[in-house]
Amino acid sequence: MPANPRGARLPPDPSDPHASSAAPTPKAAPRTSSLFIGSTEKSFQVLQAFNGPQRHMTLADIARAADLDRSATQRVVYTLEQLGYLRRIPESRHYGLTAKVLQLSYNYLRANELIDKASPYLLDISRTLGETTNLHELDGSDIVFVARFHGRHLVNVDFNVGARLPAFFTASGNAILTRFSHEQRVAILERTPLVQITPFTEVDPQRLLARVQTMAEKGYAVMANENVLGDISVAAPITDHRGMAVAAINISVPTTRWTVASVEKELAPHVQVAATSISKAKFATYAG
């Protein structure tokens, strides 16, 4: 088994009731295939360069962030500008994204059947409890916000649809991982940068894996202060017809009004009931 990010080998856990008898099949490196188009990869590297704090960047900035040479960056930026995905900032040498990029996100959200099924439950929780609810999907080693309903008590946390966080550092990520085998959890952990987001972020690999197993026994996940100070989140996994976790529903509340104990007592049942109800729906999008 490959070493984890800290170099320690993580043995299989035969006691895990969710463990699968077979580990995930390794995929061939896509870049070795004659079908792989390197120029397309470079285009996405340039678009993803705008993931950082800089809203507008020069060609040199983009080249550094995308890890490309200046010549390749110039060609890709010019192409994306002509296609309408990048724009030149007037009276400057800077470039920025255009609203056309949002069309890709909109197409995904519109076609996502799970969002349609889950949204009524998220809206009901938000209106009934007055708290913020979210729907998260797993993408690689991160969870992604795909739906978000604000409660009456607004908290200034800069998470919008499309935001990403390491799965192991979130309640939703842990909830999804409770339905994975030990081998799958280790594979995701090995791709997770173990860097603290807050002083309370757990980064010890063995403790992270043990925590997921404890949450699997509870049937929900609850975490506090690990990705946002002053935040407590509780989540439950949404599964498809095969029993595989495809997403998680979560409620996020501030520590000024809630404690971990009160969240587990009063809010955990809500996410569990909602997740179970959503899981009973048929998701053609996720059918294998």
# chains A, B, ... in the order shown; residues from 1 in each chain; ligands from 1
>>> residues_around(residues="region 227-241 of chain A", least_positions_apart="5", cutoff="8 Å", atoms="only C-alpha atoms", output="PDB file with N, CA and C atoms, in the first residue's frame")
ATOM      1  N   VAL A 157     -19.745  33.768   6.446  1.00  0.00           N
ATOM      2  CA  VAL A 157     -18.780  32.758   6.037  1.00  0.00           C
ATOM      3  C   VAL A 157     -18.779  32.706   4.518  1.00  0.00           C
ATOM      4  N   LEU A 165     -13.498  22.239   0.017  1.00  0.00           N
ATOM      5  CA  LEU A 165     -12.760  22.046   1.258  1.00  0.00           C
ATOM      6  C   LEU A 165     -12.275  20.590   1.302  1.00  0.00           C
ATOM      7  N   PHE A 169     -11.531  17.231   6.523  1.00  0.00           N
ATOM      8  CA  PHE A 169     -11.628  18.339   7.467  1.00  0.00           C
ATOM      9  C   PHE A 169     -13.046  18.856   7.614  1.00  0.00           C
ATOM     10  N   THR A 170     -14.029  18.162   7.036  1.00  0.00           N
ATOM     11  CA  THR A 170     -15.411  18.629   7.070  1.00  0.00           C
ATOM     12  C   THR A 170     -16.351  17.539   7.553  1.00  0.00           C
ATOM     13  N   ALA A 171     -17.473  17.952   8.116  1.00  0.00           N
ATOM     14  CA  ALA A 171     -18.475  16.983   8.563  1.00  0.00           C
ATOM     15  C   ALA A 171     -19.064  16.236   7.373  1.00  0.00           C
ATOM     16  N   SER A 172     -19.377  16.943   6.293  1.00  0.00           N
ATOM     17  CA  SER A 172     -19.945  16.296   5.116  1.00  0.00           C
ATOM     18  C   SER A 172     -18.965  15.306   4.501  1.00  0.00           C
ATOM     19  N   ALA A 175     -18.886  12.312   6.642  1.00  0.00           N
ATOM     20  CA  ALA A 175     -20.123  11.547   6.503  1.00  0.00           C
ATOM     21  C   ALA A 175     -20.081  10.673   5.253  1.00  0.00           C
ATOM     22  N   ILE A 176     -19.602  11.232   4.151  1.00  0.00           N
ATOM     23  CA  ILE A 176     -19.476  10.455   2.921  1.00  0.00           C
ATOM     24  C   ILE A 176     -18.467   9.328   3.106  1.00  0.00           C
ATOM     25  N   THR A 178     -17.716   7.694   5.672  1.00  0.00           N
ATOM     26  CA  THR A 178     -18.170   6.592   6.533  1.00  0.00           C
ATOM     27  C   THR A 178     -18.721   5.437   5.717  1.00  0.00           C
ATOM     28  N   ARG A 179     -19.135   5.702   4.486  1.00  0.00           N
ATOM     29  CA  ARG A 179     -19.678   4.654   3.621  1.00  0.00           C
ATOM     30  C   ARG A 179     -18.625   4.064   2.689  1.00  0.00           C
ATOM     31  N   ILE A 197      -6.112  24.273   8.589  1.00  0.00           N
ATOM     32  CA  ILE A 197      -6.852  25.450   8.144  1.00  0.00           C
ATOM     33  C   ILE A 197      -7.076  26.386   9.326  1.00  0.00           C
ATOM     34  N   THR A 198      -7.345  25.802  10.479  1.00  0.00           N
ATOM     35  CA  THR A 198      -7.465  26.540  11.742  1.00  0.00           C
ATOM     36  C   THR A 198      -6.599  25.822  12.777  1.00  0.00           C
ATOM     37  N   THR A 201      -7.740  22.159  13.373  1.00  0.00           N
ATOM     38  CA  THR A 201      -7.815  21.172  12.303  1.00  0.00           C
ATOM     39  C   THR A 201      -6.961  19.957  12.643  1.00  0.00           C
ATOM     40  N   GLY A 219     -23.579   7.103  12.678  1.00  0.00           N
ATOM     41  CA  GLY A 219     -24.531   7.316  11.591  1.00  0.00           C
ATOM     42  C   GLY A 219     -24.580   8.753  11.107  1.00  0.00           C
ATOM     43  N   TYR A 220     -23.761   9.606  11.672  1.00  0.00           N
ATOM     44  CA  TYR A 220     -23.657  11.001  11.245  1.00  0.00           C
ATOM     45  C   TYR A 220     -22.280  11.506  11.645  1.00  0.00           C
ATOM     46  N   ALA A 221     -21.915  12.687  11.134  1.00  0.00           N
ATOM     47  CA  ALA A 221     -20.630  13.297  11.457  1.00  0.00           C
ATOM     48  C   ALA A 221     -20.853  14.692  12.010  1.00  0.00           C
ATOM     49  N   VAL A 222     -20.097  15.035  13.030  1.00  0.00           N
ATOM     50  CA  VAL A 222     -20.178  16.378  13.594  1.00  0.00           C
ATOM     51  C   VAL A 222     -18.766  16.882  13.852  1.00  0.00           C
ATOM     52  N   VAL A 246     -23.057   9.242  -2.301  1.00  0.00           N
ATOM     53  CA  VAL A 246     -22.885  10.133  -3.449  1.00  0.00           C
ATOM     54  C   VAL A 246     -22.827  11.593  -3.032  1.00  0.00           C
ATOM     55  N   ALA A 247     -23.235  11.890  -1.803  1.00  0.00           N
ATOM     56  CA  ALA A 247     -23.258  13.271  -1.334  1.00  0.00           C
ATOM     57  C   ALA A 247     -23.530  13.266   0.170  1.00  0.00           C
ATOM     58  N   ALA A 248     -23.656  14.458   0.736  1.00  0.00           N
ATOM     59  CA  ALA A 248     -24.017  14.592   2.153  1.00  0.00           C
ATOM     60  C   ALA A 248     -24.812  15.867   2.328  1.00  0.00           C
ATOM     61  N   ILE A 249     -25.745  15.830   3.272  1.00  0.00           N
ATOM     62  CA  ILE A 249     -26.516  17.013   3.640  1.00  0.00           C
ATOM     63  C   ILE A 249     -26.002  17.479   4.998  1.00  0.00           C
ATOM     64  N   ASN A 250     -25.840  18.775   5.144  1.00  0.00           N
ATOM     65  CA  ASN A 250     -25.244  19.276   6.374  1.00  0.00           C
ATOM     66  C   ASN A 250     -25.978  20.516   6.883  1.00  0.00           C
ATOM     67  N   ILE A 251     -25.923  20.714   8.186  1.00  0.00           N
ATOM     68  CA  ILE A 251     -26.423  21.934   8.825  1.00  0.00           C
ATOM     69  C   ILE A 251     -25.235  22.600   9.491  1.00  0.00           C
ATOM     70  N   SER A 252     -25.083  23.886   9.255  1.00  0.00           N
ATOM     71  CA  SER A 252     -23.960  24.640   9.805  1.00  0.00           C
ATOM     72  C   SER A 252     -24.478  25.716  10.746  1.00  0.00           C
ATOM     73  N   VAL A 253     -23.940  25.741  11.970  1.00  0.00           N
ATOM     74  CA  VAL A 253     -24.404  26.690  12.983  1.00  0.00           C
ATOM     75  C   VAL A 253     -23.211  27.311  13.701  1.00  0.00           C
ATOM     76  N   PRO A 254     -23.396  28.495  14.304  1.00  0.00           N
ATOM     77  CA  PRO A 254     -22.297  29.147  15.021  1.00  0.00           C
ATOM     78  C   PRO A 254     -22.163  28.659  16.459  1.00  0.00           C
ATOM     79  N   THR A 255     -20.951  28.692  16.952  1.00  0.00           N
ATOM     80  CA  THR A 255     -20.681  28.278  18.336  1.00  0.00           C
ATOM     81  C   THR A 255     -21.238  29.277  19.342  1.00  0.00           C
ATOM     82  N   THR A 256     -21.615  30.465  18.868  1.00  0.00           N
ATOM     83  CA  THR A 256     -22.186  31.457  19.783  1.00  0.00           C
ATOM     84  C   THR A 256     -23.584  31.061  20.245  1.00  0.00           C
ATOM     85  N   TRP A 258     -24.764  27.529  19.673  1.00  0.00           N
ATOM     86  CA  TRP A 258     -24.859  26.078  19.762  1.00  0.00           C
ATOM     87  C   TRP A 258     -23.592  25.481  20.363  1.00  0.00           C
ATOM     88  N   THR A 259     -23.745  24.293  20.930  1.00  0.00           N
ATOM     89  CA  THR A 259     -22.608  23.489  21.364  1.00  0.00           C
ATOM     90  C   THR A 259     -22.632  22.192  20.574  1.00  0.00           C
ATOM     91  N   VAL A 260     -21.534  21.464  20.613  1.00  0.00           N
ATOM     92  CA  VAL A 260     -21.498  20.183  19.912  1.00  0.00           C
ATOM     93  C   VAL A 260     -22.564  19.242  20.470  1.00  0.00           C
ATOM     94  N   VAL A 263     -25.999  20.274  19.222  1.00  0.00           N
ATOM     95  CA  VAL A 263     -26.117  19.965  17.795  1.00  0.00           C
ATOM     96  C   VAL A 263     -26.410  18.483  17.596  1.00  0.00           C
ATOM     97  N   GLU A 264     -25.689  17.640  18.325  1.00  0.00           N
ATOM     98  CA  GLU A 264     -25.914  16.199  18.198  1.00  0.00           C
ATOM     99  C   GLU A 264     -27.316  15.809  18.659  1.00  0.00           C
ATOM    100  N   LEU A 267     -29.980  18.613  16.161  1.00  0.00           N
ATOM    101  CA  LEU A 267     -29.865  18.781  14.710  1.00  0.00           C
ATOM    102  C   LEU A 267     -29.488  17.495  13.964  1.00  0.00           C
ATOM    103  N   ALA A 268     -28.734  16.625  14.618  1.00  0.00           N
ATOM    104  CA  ALA A 268     -28.341  15.377  13.948  1.00  0.00           C
ATOM    105  C   ALA A 268     -29.544  14.584  13.433  1.00  0.00           C
ATOM    106  N   VAL A 271     -30.695  15.931   9.926  1.00  0.00           N
ATOM    107  CA  VAL A 271     -29.905  15.579   8.738  1.00  0.00           C
ATOM    108  C   VAL A 271     -30.017  14.091   8.439  1.00  0.00           C
ATOM    109  N   GLN A 272     -30.171  13.267   9.483  1.00  0.00           N
ATOM    110  CA  GLN A 272     -30.312  11.835   9.252  1.00  0.00           C
ATOM    111  C   GLN A 272     -31.628  11.508   8.549  1.00  0.00           C
ATOM    112  N   ALA A 275     -31.396  12.892   4.928  1.00  0.00           N
ATOM    113  CA  ALA A 275     -30.500  12.087   4.099  1.00  0.00           C
ATOM    114  C   ALA A 275     -31.133  10.747   3.740  1.00  0.00           C
ATOM    115  N   THR A 276     -31.827  10.137   4.694  1.00  0.00           N
ATOM    116  CA  THR A 276     -32.502   8.862   4.433  1.00  0.00           C
ATOM    117  C   THR A 276     -33.605   9.033   3.394  1.00  0.00           C
ATOM    118  N   ILE A 278     -33.872  11.412   1.079  1.00  0.00           N
ATOM    119  CA  ILE A 278     -33.283  11.693  -0.233  1.00  0.00           C
ATOM    120  C   ILE A 278     -32.698  10.414  -0.832  1.00  0.00           C
ATOM    121  N   SER A 279     -32.095   9.597   0.016  1.00  0.00           N
ATOM    122  CA  SER A 279     -31.461   8.367  -0.456  1.00  0.00           C
ATOM    123  C   SER A 279     -32.478   7.393  -1.065  1.00  0.00           C
ATOM    124  N   LYS A 280     -33.722   7.507  -0.676  1.00  0.00           N
ATOM    125  CA  LYS A 280     -34.750   6.598  -1.201  1.00  0.00           C
ATOM    126  C   LYS A 280     -35.170   6.975  -2.617  1.00  0.00           C
ATOM    127  N   ALA A 281     -34.806   8.167  -3.064  1.00  0.00           N
ATOM    128  CA  ALA A 281     -35.144   8.590  -4.429  1.00  0.00           C
ATOM    129  C   ALA A 281     -34.227   7.873  -5.420  1.00  0.00           C
ATOM    130  N   LYS A 282     -34.650   7.826  -6.658  1.00  0.00           N
ATOM    131  CA  LYS A 282     -33.857   7.200  -7.709  1.00  0.00           C
ATOM    132  C   LYS A 282     -33.007   8.269  -8.379  1.00  0.00           C
ATOM    133  N   PHE A 283     -31.722   8.005  -8.502  1.00  0.00           N
ATOM    134  CA  PHE A 283     -30.810   8.971  -9.111  1.00  0.00           C
ATOM    135  C   PHE A 283     -30.255   8.367 -10.392  1.00  0.00           C
ATOM    136  N   TYR A 286     -26.541   8.900 -11.185  1.00  0.00           N
ATOM    137  CA  TYR A 286     -25.491   8.155 -10.506  1.00  0.00           C
ATOM    138  C   TYR A 286     -25.597   6.646 -10.733  1.00  0.00           C
ATOM    139  N   ALA A 287     -26.567   6.224 -11.546  1.00  0.00           N
ATOM    140  CA  ALA A 287     -26.754   4.788 -11.755  1.00  0.00           C
ATOM    141  C   ALA A 287     -25.541   4.194 -12.442  1.00  0.00           C
TER     142      ALA A 287
END
>>> select_by_dssp(residues="region 36-111 of chain A", states="alpha helix (DSSP H)", output="ChimeraX atom specification")
/A:38-48,59-66,70-83,101-111
>>> write_last_selection(atoms="N, CA and C atoms", output="CSV table (one decimal), in the first residue's frame")
chain,number,residue,atom,x,y,z
A,38,GLY,N,-3.0,17.5,-24.7
A,38,GLY,CA,-2.2,18.4,-23.8
A,38,GLY,C,-2.6,19.8,-23.8
A,39,SER,N,-3.0,20.3,-25.0
A,39,SER,CA,-3.4,21.7,-25.1
A,39,SER,C,-4.7,22.0,-24.3
A,40,THR,N,-5.6,21.0,-24.3
A,40,THR,CA,-6.8,21.2,-23.5
A,40,THR,C,-6.5,21.3,-22.1
A,41,GLU,N,-5.5,20.5,-21.6
A,41,GLU,CA,-5.1,20.5,-20.2
A,41,GLU,C,-4.6,21.9,-19.9
A,42,LYS,N,-3.8,22.4,-20.8
A,42,LYS,CA,-3.2,23.8,-20.5
A,42,LYS,C,-4.3,24.8,-20.4
A,43,SER,N,-5.3,24.7,-21.2
A,43,SER,CA,-6.4,25.7,-21.1
A,43,SER,C,-7.0,25.7,-19.7
A,44,PHE,N,-7.3,24.5,-19.2
A,44,PHE,CA,-7.9,24.4,-17.9
A,44,PHE,C,-6.9,24.8,-16.8
A,45,GLN,N,-5.6,24.6,-17.0
A,45,GLN,CA,-4.6,25.1,-16.0
A,45,GLN,C,-4.7,26.6,-15.9
A,46,VAL,N,-4.9,27.2,-17.1
A,46,VAL,CA,-5.0,28.7,-17.1
A,46,VAL,C,-6.2,29.2,-16.4
A,47,LEU,N,-7.4,28.5,-16.7
A,47,LEU,CA,-8.6,28.9,-16.0
A,47,LEU,C,-8.5,28.7,-14.5
A,48,GLN,N,-7.9,27.5,-14.1
A,48,GLN,CA,-7.8,27.2,-12.7
A,48,GLN,C,-6.8,28.1,-12.0
A,59,LEU,N,0.0,38.2,-17.6
A,59,LEU,CA,0.5,37.0,-18.2
A,59,LEU,C,1.5,36.3,-17.3
A,60,ALA,N,2.4,37.0,-16.7
A,60,ALA,CA,3.4,36.4,-15.9
A,60,ALA,C,2.8,35.8,-14.6
A,61,ASP,N,1.8,36.4,-14.0
A,61,ASP,CA,1.1,35.9,-12.9
A,61,ASP,C,0.4,34.6,-13.3
A,62,ILE,N,-0.3,34.6,-14.4
A,62,ILE,CA,-1.0,33.4,-14.9
A,62,ILE,C,0.0,32.2,-15.1
A,63,ALA,N,1.1,32.5,-15.8
A,63,ALA,CA,2.1,31.5,-16.1
A,63,ALA,C,2.6,30.8,-14.8
A,64,ARG,N,2.9,31.7,-13.8
A,64,ARG,CA,3.4,31.1,-12.5
A,64,ARG,C,2.3,30.2,-11.9
A,65,ALA,N,1.1,30.7,-11.8
A,65,ALA,CA,0.0,30.0,-11.2
A,65,ALA,C,-0.4,28.7,-11.9
A,66,ALA,N,-0.3,28.8,-13.2
A,66,ALA,CA,-0.6,27.6,-14.1
A,66,ALA,C,0.5,26.7,-14.3
A,70,ARG,N,5.9,31.1,-20.6
A,70,ARG,CA,5.2,32.3,-21.0
A,70,ARG,C,4.6,32.2,-22.4
A,71,SER,N,5.3,31.4,-23.3
A,71,SER,CA,4.8,31.3,-24.7
A,71,SER,C,3.5,30.5,-24.7
A,72,ALA,N,3.5,29.4,-24.0
A,72,ALA,CA,2.2,28.6,-23.9
A,72,ALA,C,1.1,29.4,-23.3
A,73,THR,N,1.4,30.1,-22.2
A,73,THR,CA,0.4,30.9,-21.5
A,73,THR,C,-0.1,32.0,-22.4
A,74,GLN,N,0.7,32.6,-23.2
A,74,GLN,CA,0.2,33.7,-24.1
A,74,GLN,C,-0.7,33.2,-25.1
A,75,ARG,N,-0.4,32.0,-25.7
A,75,ARG,CA,-1.3,31.4,-26.7
A,75,ARG,C,-2.6,31.0,-26.1
A,76,VAL,N,-2.6,30.3,-24.9
A,76,VAL,CA,-3.8,29.9,-24.3
A,76,VAL,C,-4.7,31.1,-23.9
A,77,VAL,N,-4.1,32.1,-23.3
A,77,VAL,CA,-4.8,33.3,-22.8
A,77,VAL,C,-5.5,33.9,-24.0
A,78,TYR,N,-4.7,34.1,-25.1
A,78,TYR,CA,-5.3,34.7,-26.3
A,78,TYR,C,-6.5,33.9,-26.8
A,79,THR,N,-6.4,32.6,-26.9
A,79,THR,CA,-7.5,31.7,-27.3
A,79,THR,C,-8.7,31.9,-26.4
A,80,LEU,N,-8.5,31.8,-25.1
A,80,LEU,CA,-9.6,31.9,-24.2
A,80,LEU,C,-10.2,33.3,-24.2
A,81,GLU,N,-9.4,34.3,-24.5
A,81,GLU,CA,-10.0,35.6,-24.7
A,81,GLU,C,-10.9,35.7,-25.9
A,82,GLN,N,-10.4,35.1,-27.0
A,82,GLN,CA,-11.2,35.1,-28.2
A,82,GLN,C,-12.5,34.3,-28.1
A,83,LEU,N,-12.5,33.3,-27.3
A,83,LEU,CA,-13.6,32.5,-27.0
A,83,LEU,C,-14.6,33.1,-26.0
A,101,VAL,N,-17.8,31.8,-18.0
A,101,VAL,CA,-17.4,30.7,-17.3
A,101,VAL,C,-18.5,30.1,-16.4
A,102,LEU,N,-19.4,30.9,-16.0
A,102,LEU,CA,-20.5,30.5,-15.2
A,102,LEU,C,-21.5,29.5,-15.9
A,103,GLN,N,-21.5,29.6,-17.3
A,103,GLN,CA,-22.4,28.8,-18.0
A,103,GLN,C,-22.1,27.3,-17.8
A,104,LEU,N,-20.8,27.0,-17.6
A,104,LEU,CA,-20.4,25.6,-17.4
A,104,LEU,C,-21.0,25.1,-16.0
A,105,SER,N,-20.9,26.0,-15.0
A,105,SER,CA,-21.4,25.6,-13.7
A,105,SER,C,-22.9,25.5,-13.8
A,106,TYR,N,-23.6,26.4,-14.5
A,106,TYR,CA,-25.0,26.4,-14.6
A,106,TYR,C,-25.5,25.1,-15.3
A,107,ASN,N,-24.8,24.7,-16.3
A,107,ASN,CA,-25.2,23.5,-17.0
A,107,ASN,C,-25.1,22.3,-16.1
A,108,TYR,N,-24.1,22.2,-15.3
A,108,TYR,CA,-23.9,21.1,-14.3
A,108,TYR,C,-25.0,21.1,-13.3
A,109,LEU,N,-25.3,22.3,-12.7
A,109,LEU,CA,-26.3,22.4,-11.7
A,109,LEU,C,-27.7,22.0,-12.2
A,110,ARG,N,-28.0,22.5,-13.4
A,110,ARG,CA,-29.3,22.2,-14.0
A,110,ARG,C,-29.5,20.8,-14.3
A,111,ALA,N,-28.4,20.1,-14.7
A,111,ALA,CA,-28.5,18.6,-15.0
A,111,ALA,C,-28.4,17.7,-13.8
>>> select_by_dssp(residues="region 74-288 of chain A", states="strand (DSSP E)", output="VMD selection string")
chain A and resid 86 to 88 95 to 97 132 to 139 142 to 149 164 to 166 221 to 224 231 to 239 245 to 254
>>> closest_residue(among="A:Glu91, A:Glu113, A:Glu190, A:Glu217", to="Asp204 (chain A)", atoms="only C-alpha atoms")
A:Glu190
